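Student: My questions will all concern the structure given below.
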Amino acid sequence: MSISMVKALNNGLRKALQDDPKVLLMGEDIGRLGGVFRVTDGLQKEFGSLRVIDTPLGEAGIVGSAIGLAMRGYRPVCEIQFDGFVYPAVNQIISQLAKLRHRSGGVITLPVVIRIPFGGGIGSIEHHSESPEVYFAHTAGLKVVTCSNPQDAYDMIRQAVDDDDPVIFLEPKRHYWTKGEVTDRTPAPFARARVLRDGTDATLIAYGPMVPAALEAAEAAAEEGRSVEVIDLRSLSPLDLDTVRKSVHRTGRALVTHEASLSHGFGAELAARIQQEEFHFLEAPVLRITGYDTPYPPSRLESDWLPGVDRILDALDHSLSY
């Protein structure tokens, strides 16, 4: 069945609500409205307002309430309307949610999922196109994952809800309406990267909104006789370095692409780990293709700001000519 990523997430949340009466959804306008992107459409009517909860406008309150509910045995799934709205809740996430299991010596688990639509490409105004993934990936105690297609969206949201640790679940909003086949298969391991396209000349690593662009770039490179292997990381923390390492052994070159700014971004961590652990296999430095070191621009400029196929191919040329 071919459905959109939004519908896949909706189906995954419905299944989680059906399977476990302790699962709750909470967020601004997720009930009667069904969420600004309609991810929770129809779920309050089906499961009631005590399980699909319209909250006040206050992200710190949403996450703080979820922490308390999780301590009482519930499995809350919070929706943050847009990526830039999560910052008021960062203190709750970093100071409490990420630390309580360790602080209690493992006695208290906090199975809380925080869903965040993230990234640009939809022509939104300020605060609606952020890439906050590295703030959370840098925080020990959190799992940080992102899907890039409807099947992973369906599988991974269910795995996130089942996980006993807090999960930051990043949804690439510019691909919400991308369609793909979704089945009730046995899902891939939650924190495992996936090789989406085999190649021999270079390894191109992407996640979330940049995965389709990486595949498109690999296809364009193939028309010029260049073989590019594409990896979808799927999980930023924990990080599946084994899949990356095996690919770099085969190709000898690595490129990392993400929407977030270049400096201190997730690409820097990947480049450091690859060069630290696989230095003798490399034929060229690890290159990063990212957003610029500026705040996200007005919507009329975002197509120039966001990394795309041409910038990936330019970096590939540079790597192959090294």
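Ordering of the structure tokens sets the chain letters (A, B, ...); residue numbers start at 1 within each chain; ligands are numbered from 1 in the order shown.
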Select from stretch 101-164 of chain A every residue with an atom at most 12 Å from any atom of stretch 31-51 of chain A, then for each give the shortest pair of atoms and their distance in Å to one decimal, using only C-alpha atoms, rows by chain and rising number, as a Markdown table.
Tutor:
| residue | atom | partner | partner_atom | distance |
| --- | --- | --- | --- | --- |
| A:Arg115 | CA | A:Val39 | CA | 10.3 |
| A:Ile116 | CA | A:Phe37 | CA | 11.3 |
| A:Pro117 | CA | A:Phe37 | CA | 8.9 |
| A:Ile122 | CA | A:Phe37 | CA | 11.9 |
| A:Ala153 | CA | A:Val39 | CA | 11.2 |
| A:Tyr154 | CA | A:Val39 | CA | 11.5 |
| A:Ile157 | CA | A:Val39 | CA | 11.7 |
Student: Generate the output file for the selected residues, C-alpha atoms, as a PDB file, in the first residue's frame.
Tutor:
ATOM      1  CA  ARG A 115       8.170  14.126  17.943  1.00  0.00           C
ATOM      2  CA  ILE A 116       9.641  17.161  16.200  1.00  0.00           C
ATOM      3  CA  PRO A 117       8.960  18.180  12.564  1.00  0.00           C
ATOM      4  CA  ILE A 122       8.462  24.335   2.981  1.00  0.00           C
ATOM      5  CA  ALA A 153       8.273   6.367   9.646  1.00  0.00           C
ATOM      6  CA  TYR A 154       5.741   3.612  10.382  1.00  0.00           C
ATOM      7  CA  ILE A 157       7.588   5.511  15.518  1.00  0.00           C
TER       8      ILE A 157
END
Student: Sorted by chain and rising residue number, list the residues of stretch 41-141 of chain A at most 12 Å from stretch 169-179 of chain A (counting only C-alpha atoms), each with its closest atom pair and distance in Å to one decimal, as a Markdown table.
Tutor:
| residue | atom | partner | partner_atom | distance |
| --- | --- | --- | --- | --- |
| A:Val77 | CA | A:Phe169 | CA | 9.7 |
| A:Cys78 | CA | A:Phe169 | CA | 9.8 |
| A:Glu79 | CA | A:Phe169 | CA | 9.6 |
| A:Ile80 | CA | A:Leu170 | CA | 10.1 |
| A:Gln81 | CA | A:Lys173 | CA | 10.7 |
| A:Phe82 | CA | A:Lys173 | CA | 9.1 |
| A:Asp83 | CA | A:Leu170 | CA | 8.8 |
| A:Val86 | CA | A:Leu170 | CA | 11.6 |
| A:Val112 | CA | A:Phe169 | CA | 10.2 |
| A:Val113 | CA | A:Phe169 | CA | 6.7 |
| A:Ile114 | CA | A:Phe169 | CA | 5.8 |
| A:Arg115 | CA | A:Phe169 | CA | 4.7 |
| A:Ile116 | CA | A:Leu170 | CA | 4.9 |
| A:Pro117 | CA | A:Glu171 | CA | 4.6 |
| A:Phe118 | CA | A:Pro172 | CA | 5.3 |
| A:Gly119 | CA | A:Pro172 | CA | 6.0 |
| A:Gly120 | CA | A:Arg174 | CA | 6.7 |
| A:Gly121 | CA | A:Arg174 | CA | 5.6 |
| A:Ile122 | CA | A:Arg174 | CA | 5.8 |
| A:Gly123 | CA | A:Arg174 | CA | 9.5 |
| A:Ser124 | CA | A:Arg174 | CA | 10.6 |
| A:His128 | CA | A:Lys173 | CA | 10.0 |
| A:Ser129 | CA | A:Lys173 | CA | 8.9 |
| A:Glu130 | CA | A:Pro172 | CA | 10.7 |
| A:Ser131 | CA | A:Leu170 | CA | 9.4 |
| A:Pro132 | CA | A:Leu170 | CA | 9.3 |
| A:Glu133 | CA | A:Leu170 | CA | 7.8 |
| A:Val134 | CA | A:Leu170 | CA | 11.5 |
| A:Phe136 | CA | A:Phe169 | CA | 10.5 |
| A:Ala137 | CA | A:Phe169 | CA | 11.3 |
Student: Dump N, CA and C atoms for the selected residues as a JSON list (two decimals), in the first residue's frame?
Tutor:
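Everything below was put into result_39.json:
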[["chain", "number", "residue", "atom", "x", "y", "z"],
["A", 77, "VAL", "N", 3.72, 10.37, 24.22],
["A", 77, "VAL", "CA", 4.31, 10.79, 22.94],
["A", 77, "VAL", "C", 3.94, 12.26, 22.76],
["A", 78, "CYS", "N", 4.93, 13.14, 22.86],
["A", 78, "CYS", "CA", 4.69, 14.57, 22.75],
["A", 78, "CYS", "C", 4.89, 15.03, 21.31],
["A", 79, "GLU", "N", 4.04, 15.94, 20.85],
["A", 79, "GLU", "CA", 4.27, 16.59, 19.56],
["A", 79, "GLU", "C", 4.69, 18.03, 19.80],
["A", 80, "ILE", "N", 5.83, 18.40, 19.24],
["A", 80, "ILE", "CA", 6.25, 19.80, 19.18],
["A", 80, "ILE", "C", 5.86, 20.29, 17.79],
["A", 81, "GLN", "N", 5.08, 21.38, 17.72],
["A", 81, "GLN", "CA", 4.50, 21.75, 16.42],
["A", 81, "GLN", "C", 5.56, 22.00, 15.35],
["A", 82, "PHE", "N", 6.59, 22.76, 15.70],
["A", 82, "PHE", "CA", 7.68, 23.05, 14.77],
["A", 82, "PHE", "C", 9.00, 22.97, 15.54],
["A", 83, "ASP", "N", 10.07, 22.66, 14.81],
["A", 83, "ASP", "CA", 11.40, 22.50, 15.39],
["A", 83, "ASP", "C", 11.83, 23.68, 16.26],
["A", 86, "VAL", "N", 10.87, 23.99, 20.09],
["A", 86, "VAL", "CA", 11.31, 23.04, 21.12],
["A", 86, "VAL", "C", 12.22, 23.69, 22.15],
["A", 112, "VAL", "N", 9.55, 8.28, 27.08],
["A", 112, "VAL", "CA", 8.91, 9.46, 26.49],
["A", 112, "VAL", "C", 9.43, 9.64, 25.07],
["A", 113, "VAL", "N", 8.53, 9.84, 24.13],
["A", 113, "VAL", "CA", 8.91, 10.18, 22.75],
["A", 113, "VAL", "C", 8.55, 11.64, 22.50],
["A", 114, "ILE", "N", 9.51, 12.39, 21.96],
["A", 114, "ILE", "CA", 9.23, 13.77, 21.58],
["A", 114, "ILE", "C", 9.35, 13.86, 20.06],
["A", 115, "ARG", "N", 8.20, 14.01, 19.41],
["A", 115, "ARG", "CA", 8.17, 14.13, 17.94],
["A", 115, "ARG", "C", 8.40, 15.59, 17.55],
["A", 116, "ILE", "N", 9.33, 15.80, 16.63],
["A", 116, "ILE", "CA", 9.64, 17.16, 16.20],
["A", 116, "ILE", "C", 9.71, 17.20, 14.67],
["A", 117, "PRO", "N", 8.77, 17.91, 14.00],
["A", 117, "PRO", "CA", 8.96, 18.18, 12.56],
["A", 117, "PRO", "C", 10.20, 19.06, 12.41],
["A", 118, "PHE", "N", 11.15, 18.67, 11.56],
["A", 118, "PHE", "CA", 12.39, 19.46, 11.52],
["A", 118, "PHE", "C", 12.86, 19.67, 10.09],
["A", 119, "GLY", "N", 13.74, 20.70, 9.97],
["A", 119, "GLY", "CA", 14.33, 21.00, 8.68],
["A", 119, "GLY", "C", 13.52, 22.01, 7.88],
["A", 120, "GLY", "N", 14.08, 22.43, 6.74],
["A", 120, "GLY", "CA", 13.44, 23.45, 5.93],
["A", 120, "GLY", "C", 12.80, 22.90, 4.68],
["A", 121, "GLY", "N", 12.62, 23.83, 3.71],
["A", 121, "GLY", "CA", 12.12, 23.41, 2.41],
["A", 121, "GLY", "C", 10.63, 23.55, 2.21],
["A", 122, "ILE", "N", 9.91, 24.18, 3.18],
["A", 122, "ILE", "CA", 8.46, 24.34, 2.98],
["A", 122, "ILE", "C", 8.05, 25.80, 2.94],
["A", 123, "GLY", "N", 9.02, 26.70, 2.86],
["A", 123, "GLY", "CA", 8.69, 28.12, 2.71],
["A", 123, "GLY", "C", 8.11, 28.76, 3.95],
["A", 124, "SER", "N", 8.52, 28.31, 5.12],
["A", 124, "SER", "CA", 7.97, 28.84, 6.36],
["A", 124, "SER", "C", 8.70, 30.09, 6.83],
["A", 128, "HIS", "N", 10.54, 28.14, 12.04],
["A", 128, "HIS", "CA", 9.79, 26.99, 11.53],
["A", 128, "HIS", "C", 10.65, 26.08, 10.65],
["A", 129, "SER", "N", 11.96, 26.31, 10.60],
["A", 129, "SER", "CA", 12.81, 25.50, 9.71],
["A", 129, "SER", "C", 14.17, 25.25, 10.35],
["A", 130, "GLU", "N", 14.16, 24.84, 11.60],
["A", 130, "GLU", "CA", 15.42, 24.64, 12.32],
["A", 130, "GLU", "C", 15.91, 23.20, 12.17],
["A", 131, "SER", "N", 17.19, 23.02, 12.45],
["A", 131, "SER", "CA", 17.79, 21.68, 12.48],
["A", 131, "SER", "C", 18.49, 21.51, 13.83],
["A", 132, "PRO", "N", 17.73, 21.16, 14.88],
["A", 132, "PRO", "CA", 18.29, 21.14, 16.23],
["A", 132, "PRO", "C", 18.90, 19.81, 16.64],
["A", 133, "GLU", "N", 19.11, 18.89, 15.68],
["A", 133, "GLU", "CA", 19.47, 17.52, 16.05],
["A", 133, "GLU", "C", 20.73, 17.40, 16.89],
["A", 134, "VAL", "N", 21.72, 18.26, 16.61],
["A", 134, "VAL", "CA", 23.00, 18.07, 17.30],
["A", 134, "VAL", "C", 22.90, 18.45, 18.77],
["A", 136, "PHE", "N", 20.56, 17.64, 20.77],
["A", 136, "PHE", "CA", 20.07, 16.46, 21.47],
["A", 136, "PHE", "C", 21.05, 15.28, 21.33],
["A", 137, "ALA", "N", 21.65, 15.13, 20.15],
["A", 137, "ALA", "CA", 22.61, 14.04, 19.96],
["A", 137, "ALA", "C", 23.82, 14.22, 20.88]]
Student: What separation in Å, quoted to one decimal, exists between atom CA of A:Asp20 and atom CA of A:Pro238?
Tutor: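 Separating atom CA of A:Asp20 from atom CA of A:Pro238 is a distance of 25.6 Å.
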Student: I'd like the neighbourhood of stretch 251-261 of chain A as a PDB file with C-alpha atoms, in the first residue's frame, where a residue qualifies if any of its atoms comes within 7 Å (using only C-alpha atoms), though same-chain residues fewer than 5 positions away should be ignored.
Tutor:
ATOM      1  CA  GLY A 119      14.334  21.005   8.675  1.00  0.00           C
ATOM      2  CA  SER A 131      17.791  21.679  12.480  1.00  0.00           C
ATOM      3  CA  THR A 200      32.536   1.616  -5.008  1.00  0.00           C
ATOM      4  CA  ASP A 201      33.961   5.139  -5.570  1.00  0.00           C
ATOM      5  CA  ALA A 202      32.720   7.095  -2.520  1.00  0.00           C
ATOM      6  CA  THR A 203      30.422   6.801   0.501  1.00  0.00           C
ATOM      7  CA  LEU A 204      27.721   9.477   0.843  1.00  0.00           C
ATOM      8  CA  ILE A 205      26.188   9.621   4.334  1.00  0.00           C
ATOM      9  CA  ALA A 206      22.860  11.373   4.950  1.00  0.00           C
ATOM     10  CA  TYR A 207      19.866  11.332   7.285  1.00  0.00           C
ATOM     11  CA  MET A 210      18.804  14.967   2.905  1.00  0.00           C
ATOM     12  CA  GLY A 267      29.028  16.062  10.128  1.00  0.00           C
ATOM     13  CA  PHE A 281      41.661   3.424   4.424  1.00  0.00           C
ATOM     14  CA  LEU A 282      40.994   6.992   3.269  1.00  0.00           C
ATOM     15  CA  GLU A 283      42.042   8.243  -0.170  1.00  0.00           C
ATOM     16  CA  ALA A 284      40.821  11.809   0.527  1.00  0.00           C
ATOM     17  CA  VAL A 286      36.102  13.496   4.682  1.00  0.00           C
ATOM     18  CA  LEU A 287      33.993  16.320   3.210  1.00  0.00           C
ATOM     19  CA  ARG A 288      30.829  17.945   4.575  1.00  0.00           C
ATOM     20  CA  ILE A 289      27.973  19.365   2.475  1.00  0.00           C
ATOM     21  CA  THR A 290      25.728  21.351   4.803  1.00  0.00           C
ATOM     22  CA  GLY A 291      23.772  24.510   5.436  1.00  0.00           C
ATOM     23  CA  TYR A 292      25.730  27.721   5.965  1.00  0.00           C
ATOM     24  CA  ASP A 293      26.896  29.181   9.281  1.00  0.00           C
ATOM     25  CA  LEU A 306      19.933  24.345   1.670  1.00  0.00           C
ATOM     26  CA  PRO A 307      22.487  21.844   0.400  1.00  0.00           C
TER      27      PRO A 307
END
Student: Quick one: everything within 9 Å of A:Ser237, counting only C-alpha atoms, minus sequence neighbours fewer than 2 positions away in the same chain. Send it as a list in words.
Tutor: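 What passes the distance filter is Phe136, Ala137, His138, Ala140, Leu142, Lys143, Val144, Val145, Ala191, Ser235, Leu239 and Asp240 of chain A.
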Student: Generate a file of the selected residues that holds all heavy atoms, formatted as a PDB file, in the first residue's frame.
Tutor:
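File out.pdb, as written:
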ATOM      1  N   PHE A 136      20.561  17.642  20.771  1.00  0.00           N
ATOM      2  CA  PHE A 136      20.073  16.458  21.468  1.00  0.00           C
ATOM      3  C   PHE A 136      21.048  15.285  21.325  1.00  0.00           C
ATOM      4  O   PHE A 136      21.237  14.518  22.268  1.00  0.00           O
ATOM      5  CB  PHE A 136      18.687  16.095  20.952  1.00  0.00           C
ATOM      6  CG  PHE A 136      17.699  17.220  21.074  1.00  0.00           C
ATOM      7  CD1 PHE A 136      17.119  17.787  19.956  1.00  0.00           C
ATOM      8  CD2 PHE A 136      17.385  17.748  22.321  1.00  0.00           C
ATOM      9  CE1 PHE A 136      16.226  18.835  20.072  1.00  0.00           C
ATOM     10  CE2 PHE A 136      16.490  18.803  22.451  1.00  0.00           C
ATOM     11  CZ  PHE A 136      15.910  19.349  21.321  1.00  0.00           C
ATOM     12  N   ALA A 137      21.647  15.130  20.152  1.00  0.00           N
ATOM     13  CA  ALA A 137      22.611  14.040  19.964  1.00  0.00           C
ATOM     14  C   ALA A 137      23.816  14.216  20.882  1.00  0.00           C
ATOM     15  O   ALA A 137      24.470  13.237  21.252  1.00  0.00           O
ATOM     16  CB  ALA A 137      23.062  13.986  18.505  1.00  0.00           C
ATOM     17  N   HIS A 138      24.114  15.449  21.268  1.00  0.00           N
ATOM     18  CA  HIS A 138      25.246  15.722  22.154  1.00  0.00           C
ATOM     19  C   HIS A 138      24.908  15.453  23.620  1.00  0.00           C
ATOM     20  O   HIS A 138      25.795  15.471  24.474  1.00  0.00           O
ATOM     21  CB  HIS A 138      25.674  17.192  21.991  1.00  0.00           C
ATOM     22  CG  HIS A 138      26.923  17.545  22.730  1.00  0.00           C
ATOM     23  ND1 HIS A 138      28.156  16.994  22.448  1.00  0.00           N
ATOM     24  CD2 HIS A 138      27.138  18.383  23.772  1.00  0.00           C
ATOM     25  CE1 HIS A 138      29.067  17.490  23.260  1.00  0.00           C
ATOM     26  NE2 HIS A 138      28.482  18.334  24.077  1.00  0.00           N
ATOM     27  N   ALA A 140      23.966  13.022  26.452  1.00  0.00           N
ATOM     28  CA  ALA A 140      23.909  11.616  26.863  1.00  0.00           C
ATOM     29  C   ALA A 140      22.590  11.340  27.568  1.00  0.00           C
ATOM     30  O   ALA A 140      22.085  12.176  28.318  1.00  0.00           O
ATOM     31  CB  ALA A 140      25.080  11.307  27.779  1.00  0.00           C
ATOM     32  N   LEU A 142      19.781  10.500  25.803  1.00  0.00           N
ATOM     33  CA  LEU A 142      18.711  10.610  24.807  1.00  0.00           C
ATOM     34  C   LEU A 142      19.041   9.742  23.603  1.00  0.00           C
ATOM     35  O   LEU A 142      20.214   9.645  23.207  1.00  0.00           O
ATOM     36  CB  LEU A 142      18.560  12.057  24.323  1.00  0.00           C
ATOM     37  CG  LEU A 142      18.206  13.126  25.344  1.00  0.00           C
ATOM     38  CD1 LEU A 142      18.217  14.502  24.673  1.00  0.00           C
ATOM     39  CD2 LEU A 142      16.851  12.850  25.979  1.00  0.00           C
ATOM     40  N   LYS A 143      18.037   9.138  23.015  1.00  0.00           N
ATOM     41  CA  LYS A 143      18.177   8.547  21.690  1.00  0.00           C
ATOM     42  C   LYS A 143      17.627   9.553  20.681  1.00  0.00           C
ATOM     43  O   LYS A 143      16.604  10.200  20.940  1.00  0.00           O
ATOM     44  CB  LYS A 143      17.434   7.209  21.600  1.00  0.00           C
ATOM     45  CG  LYS A 143      18.067   6.131  22.469  1.00  0.00           C
ATOM     46  CD  LYS A 143      17.329   4.804  22.386  1.00  0.00           C
ATOM     47  CE  LYS A 143      18.044   3.765  23.251  1.00  0.00           C
ATOM     48  NZ  LYS A 143      17.316   2.478  23.293  1.00  0.00           N
ATOM     49  N   VAL A 144      18.312   9.690  19.550  1.00  0.00           N
ATOM     50  CA  VAL A 144      17.918  10.665  18.534  1.00  0.00           C
ATOM     51  C   VAL A 144      17.837   9.937  17.190  1.00  0.00           C
ATOM     52  O   VAL A 144      18.852   9.417  16.707  1.00  0.00           O
ATOM     53  CB  VAL A 144      18.919  11.826  18.441  1.00  0.00           C
ATOM     54  CG1 VAL A 144      18.457  12.850  17.409  1.00  0.00           C
ATOM     55  CG2 VAL A 144      19.103  12.487  19.801  1.00  0.00           C
ATOM     56  N   VAL A 145      16.638   9.863  16.634  1.00  0.00           N
ATOM     57  CA  VAL A 145      16.441   9.138  15.385  1.00  0.00           C
ATOM     58  C   VAL A 145      15.672  10.003  14.398  1.00  0.00           C
ATOM     59  O   VAL A 145      14.999  10.966  14.780  1.00  0.00           O
ATOM     60  CB  VAL A 145      15.678   7.806  15.615  1.00  0.00           C
ATOM     61  CG1 VAL A 145      16.427   6.922  16.601  1.00  0.00           C
ATOM     62  CG2 VAL A 145      14.259   8.059  16.096  1.00  0.00           C
ATOM     63  N   ALA A 191      18.320   1.188  15.819  1.00  0.00           N
ATOM     64  CA  ALA A 191      19.449   2.111  15.739  1.00  0.00           C
ATOM     65  C   ALA A 191      20.449   1.706  14.660  1.00  0.00           C
ATOM     66  O   ALA A 191      21.624   2.037  14.748  1.00  0.00           O
ATOM     67  CB  ALA A 191      20.156   2.200  17.096  1.00  0.00           C
ATOM     68  N   SER A 235      19.688   6.710  12.742  1.00  0.00           N
ATOM     69  CA  SER A 235      19.878   7.020  14.166  1.00  0.00           C
ATOM     70  C   SER A 235      21.167   7.820  14.343  1.00  0.00           C
ATOM     71  O   SER A 235      22.225   7.390  13.888  1.00  0.00           O
ATOM     72  CB  SER A 235      19.951   5.723  14.977  1.00  0.00           C
ATOM     73  OG  SER A 235      20.295   6.004  16.327  1.00  0.00           O
ATOM     74  N   LEU A 239      24.929   5.815  17.399  1.00  0.00           N
ATOM     75  CA  LEU A 239      25.397   5.926  16.022  1.00  0.00           C
ATOM     76  C   LEU A 239      25.950   4.583  15.552  1.00  0.00           C
ATOM     77  O   LEU A 239      26.814   4.003  16.213  1.00  0.00           O
ATOM     78  CB  LEU A 239      26.483   6.999  15.956  1.00  0.00           C
ATOM     79  CG  LEU A 239      27.161   7.253  14.616  1.00  0.00           C
ATOM     80  CD1 LEU A 239      26.141   7.685  13.571  1.00  0.00           C
ATOM     81  CD2 LEU A 239      28.241   8.326  14.779  1.00  0.00           C
ATOM     82  N   ASP A 240      25.438   4.110  14.421  1.00  0.00           N
ATOM     83  CA  ASP A 240      25.883   2.832  13.863  1.00  0.00           C
ATOM     84  C   ASP A 240      27.138   3.065  13.016  1.00  0.00           C
ATOM     85  O   ASP A 240      27.062   3.174  11.794  1.00  0.00           O
ATOM     86  CB  ASP A 240      24.749   2.226  13.027  1.00  0.00           C
ATOM     87  CG  ASP A 240      25.172   0.942  12.323  1.00  0.00           C
ATOM     88  OD1 ASP A 240      26.229   0.380  12.677  1.00  0.00           O
ATOM     89  OD2 ASP A 240      24.441   0.522  11.408  1.00  0.00           O
TER      90      ASP A 240
END
Student: Would you mind telling me which residue in A:Glu224, A:Arg194, A:Glu277, A:Pro76 lies nearest to A:Val23 when using only C-alpha atoms?
Tutor: A:Pro76
Student: Show which residues sit within 7 Å of A:Asn149, as a list in words. Count only C-alpha atoms, and ignore same-chain residues fewer than 3 positions away.
Tutor: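 The contact residues come out as Met5, Asp152, Ala153 and Gly180 of chain A.
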Student: Emit the selected residues as a tab-separated table (two decimals), in the first residue's frame, including N, CA and C atoms.
Tutor:
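File produced: again21.tsv:
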chain	number	residue	atom	x	y	z
A	5	MET	N	4.12	9.88	4.22
A	5	MET	CA	4.79	9.75	5.52
A	5	MET	C	3.85	10.17	6.66
A	152	ASP	N	9.95	3.53	7.03
A	152	ASP	CA	10.71	3.78	8.26
A	152	ASP	C	9.89	4.61	9.25
A	153	ALA	N	9.11	5.57	8.75
A	153	ALA	CA	8.27	6.37	9.65
A	153	ALA	C	7.33	5.47	10.43
A	180	GLY	N	5.13	6.24	-0.31
A	180	GLY	CA	5.93	5.04	-0.49
A	180	GLY	C	5.18	3.83	0.03
Student: Can you pull out every residue from stretch 117-197 of chain A that DSSP, working from the backbone, puts in strand (DSSP E or B), and format the result as an NGL selection string?
Tutor: :A and (117-118 or 143-146 or 167-172 or 179-181 or 194-197)
Student: Would you mind exporting N, CA and C atoms of the selected residues as a JSON list (two decimals), in the first residue's frame?
Tutor:
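Produced file part_18.json, reproduced below:
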[["chain", "number", "residue", "atom", "x", "y", "z"],
["A", 117, "PRO", "N", 8.77, 17.91, 14.00],
["A", 117, "PRO", "CA", 8.96, 18.18, 12.56],
["A", 117, "PRO", "C", 10.20, 19.06, 12.41],
["A", 118, "PHE", "N", 11.15, 18.67, 11.56],
["A", 118, "PHE", "CA", 12.39, 19.46, 11.52],
["A", 118, "PHE", "C", 12.86, 19.67, 10.09],
["A", 143, "LYS", "N", 18.04, 9.14, 23.01],
["A", 143, "LYS", "CA", 18.18, 8.55, 21.69],
["A", 143, "LYS", "C", 17.63, 9.55, 20.68],
["A", 144, "VAL", "N", 18.31, 9.69, 19.55],
["A", 144, "VAL", "CA", 17.92, 10.67, 18.53],
["A", 144, "VAL", "C", 17.84, 9.94, 17.19],
["A", 145, "VAL", "N", 16.64, 9.86, 16.63],
["A", 145, "VAL", "CA", 16.44, 9.14, 15.38],
["A", 145, "VAL", "C", 15.67, 10.00, 14.40],
["A", 146, "THR", "N", 15.76, 9.65, 13.13],
["A", 146, "THR", "CA", 15.00, 10.35, 12.10],
["A", 146, "THR", "C", 14.69, 9.41, 10.95],
["A", 167, "VAL", "N", 13.23, 9.24, 23.60],
["A", 167, "VAL", "CA", 13.60, 9.27, 22.18],
["A", 167, "VAL", "C", 13.19, 10.62, 21.58],
["A", 168, "ILE", "N", 14.14, 11.30, 20.96],
["A", 168, "ILE", "CA", 13.84, 12.47, 20.14],
["A", 168, "ILE", "C", 13.59, 11.96, 18.73],
["A", 169, "PHE", "N", 12.36, 12.12, 18.25],
["A", 169, "PHE", "CA", 11.96, 11.55, 16.96],
["A", 169, "PHE", "C", 11.79, 12.69, 15.96],
["A", 170, "LEU", "N", 12.74, 12.82, 15.05],
["A", 170, "LEU", "CA", 12.78, 13.95, 14.11],
["A", 170, "LEU", "C", 12.11, 13.55, 12.79],
["A", 171, "GLU", "N", 11.12, 14.36, 12.39],
["A", 171, "GLU", "CA", 10.35, 14.06, 11.17],
["A", 171, "GLU", "C", 10.66, 15.12, 10.10],
["A", 172, "PRO", "N", 11.21, 14.73, 8.96],
["A", 172, "PRO", "CA", 11.56, 15.71, 7.91],
["A", 172, "PRO", "C", 10.32, 16.27, 7.25],
["A", 179, "LYS", "N", 5.13, 9.83, -0.83],
["A", 179, "LYS", "CA", 4.47, 8.52, -0.70],
["A", 179, "LYS", "C", 5.45, 7.37, -0.91],
["A", 180, "GLY", "N", 5.13, 6.24, -0.31],
["A", 180, "GLY", "CA", 5.93, 5.04, -0.49],
["A", 180, "GLY", "C", 5.18, 3.83, 0.03],
["A", 181, "GLU", "N", 5.67, 2.66, -0.31],
["A", 181, "GLU", "CA", 5.03, 1.42, 0.12],
["A", 181, "GLU", "C", 5.26, 1.21, 1.61],
["A", 194, "ARG", "N", 21.33, 2.14, 7.27],
["A", 194, "ARG", "CA", 20.98, 1.27, 6.14],
["A", 194, "ARG", "C", 21.68, 1.76, 4.88],
["A", 195, "VAL", "N", 22.28, 0.81, 4.15],
["A", 195, "VAL", "CA", 22.86, 1.13, 2.84],
["A", 195, "VAL", "C", 21.72, 1.11, 1.82],
["A", 196, "LEU", "N", 21.41, 2.29, 1.27],
["A", 196, "LEU", "CA", 20.29, 2.40, 0.33],
["A", 196, "LEU", "C", 20.73, 2.18, -1.11],
["A", 197, "ARG", "N", 22.02, 2.39, -1.37],
["A", 197, "ARG", "CA", 22.51, 2.20, -2.73],
["A", 197, "ARG", "C", 23.97, 1.77, -2.64]]
Student: How many Å lie between atom CA of A:Lys7 and atom CA of A:Pro150, rounded to one decimal?
Tutor: 8.1 Å
Student: Can you check which residues of stretch 8-88 of chain A DSSP gives as alpha helix (DSSP H) on the backbone and send them as a PyMOL selection string?
Tutor: chain A and resi 8-19+43-47+59-71
Student: List the spatial neighbours of A:Ala89 as an MDAnalysis selection string - criterion: any atom at most 9 Å away, only C-alpha atoms, same-chain residues fewer than 6 positions off excluded.
Tutor: chainID A and resid 58:64
Student: Selection from above, all heavy atoms, as a compact mmCIF listing (two decimals), in the first residue's frame, can you write it?
Tutor:
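Okay, again.txt is ready:
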# COMPACT_ATOMS: atom_id res chain seq x y z
N GLY A 58 2.57 25.63 25.56
CA GLY A 58 3.71 25.74 26.48
C GLY A 58 4.55 24.48 26.40
O GLY A 58 4.22 23.45 27.04
N GLU A 59 5.62 24.51 25.62
CA GLU A 59 6.38 23.29 25.36
C GLU A 59 7.07 22.75 26.61
O GLU A 59 7.18 21.53 26.79
CB GLU A 59 7.42 23.55 24.26
CG GLU A 59 6.83 23.67 22.86
CD GLU A 59 6.11 24.99 22.63
OE1 GLU A 59 6.30 25.93 23.43
OE2 GLU A 59 5.34 25.08 21.66
N ALA A 60 7.55 23.64 27.50
CA ALA A 60 8.16 23.15 28.73
C ALA A 60 7.14 22.39 29.57
O ALA A 60 7.46 21.36 30.18
CB ALA A 60 8.74 24.32 29.53
N GLY A 61 5.91 22.87 29.58
CA GLY A 61 4.85 22.19 30.31
C GLY A 61 4.50 20.84 29.70
O GLY A 61 4.21 19.88 30.42
N ILE A 62 4.50 20.77 28.37
CA ILE A 62 4.20 19.50 27.70
C ILE A 62 5.23 18.44 28.09
O ILE A 62 4.89 17.33 28.51
CB ILE A 62 4.19 19.69 26.16
CG1 ILE A 62 3.05 20.61 25.75
CG2 ILE A 62 4.08 18.34 25.46
CD1 ILE A 62 3.10 21.04 24.28
N VAL A 63 6.52 18.79 27.96
CA VAL A 63 7.56 17.79 28.25
C VAL A 63 7.62 17.51 29.76
O VAL A 63 7.77 16.35 30.18
CB VAL A 63 8.93 18.29 27.73
CG1 VAL A 63 10.03 17.31 28.13
CG2 VAL A 63 8.88 18.45 26.22
N GLY A 64 7.48 18.55 30.59
CA GLY A 64 7.49 18.33 32.03
C GLY A 64 6.35 17.41 32.47
O GLY A 64 6.55 16.51 33.30
Student: Could you work out how far atom CA of A:Thr183 lies from atom CA of A:Ser247, giving the answer in Å with one decimal?
Tutor: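 Atom-to-atom, atom CA of A:Ser247 and atom CA of A:Thr183 are spaced 28.0 Å apart.
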Student: Measuring between only C-alpha atoms, which one of A:Asp163, A:Asp198, A:Asp29, A:Asp184 shows the shortest distance to A:Met1?
Tutor: A:Asp184
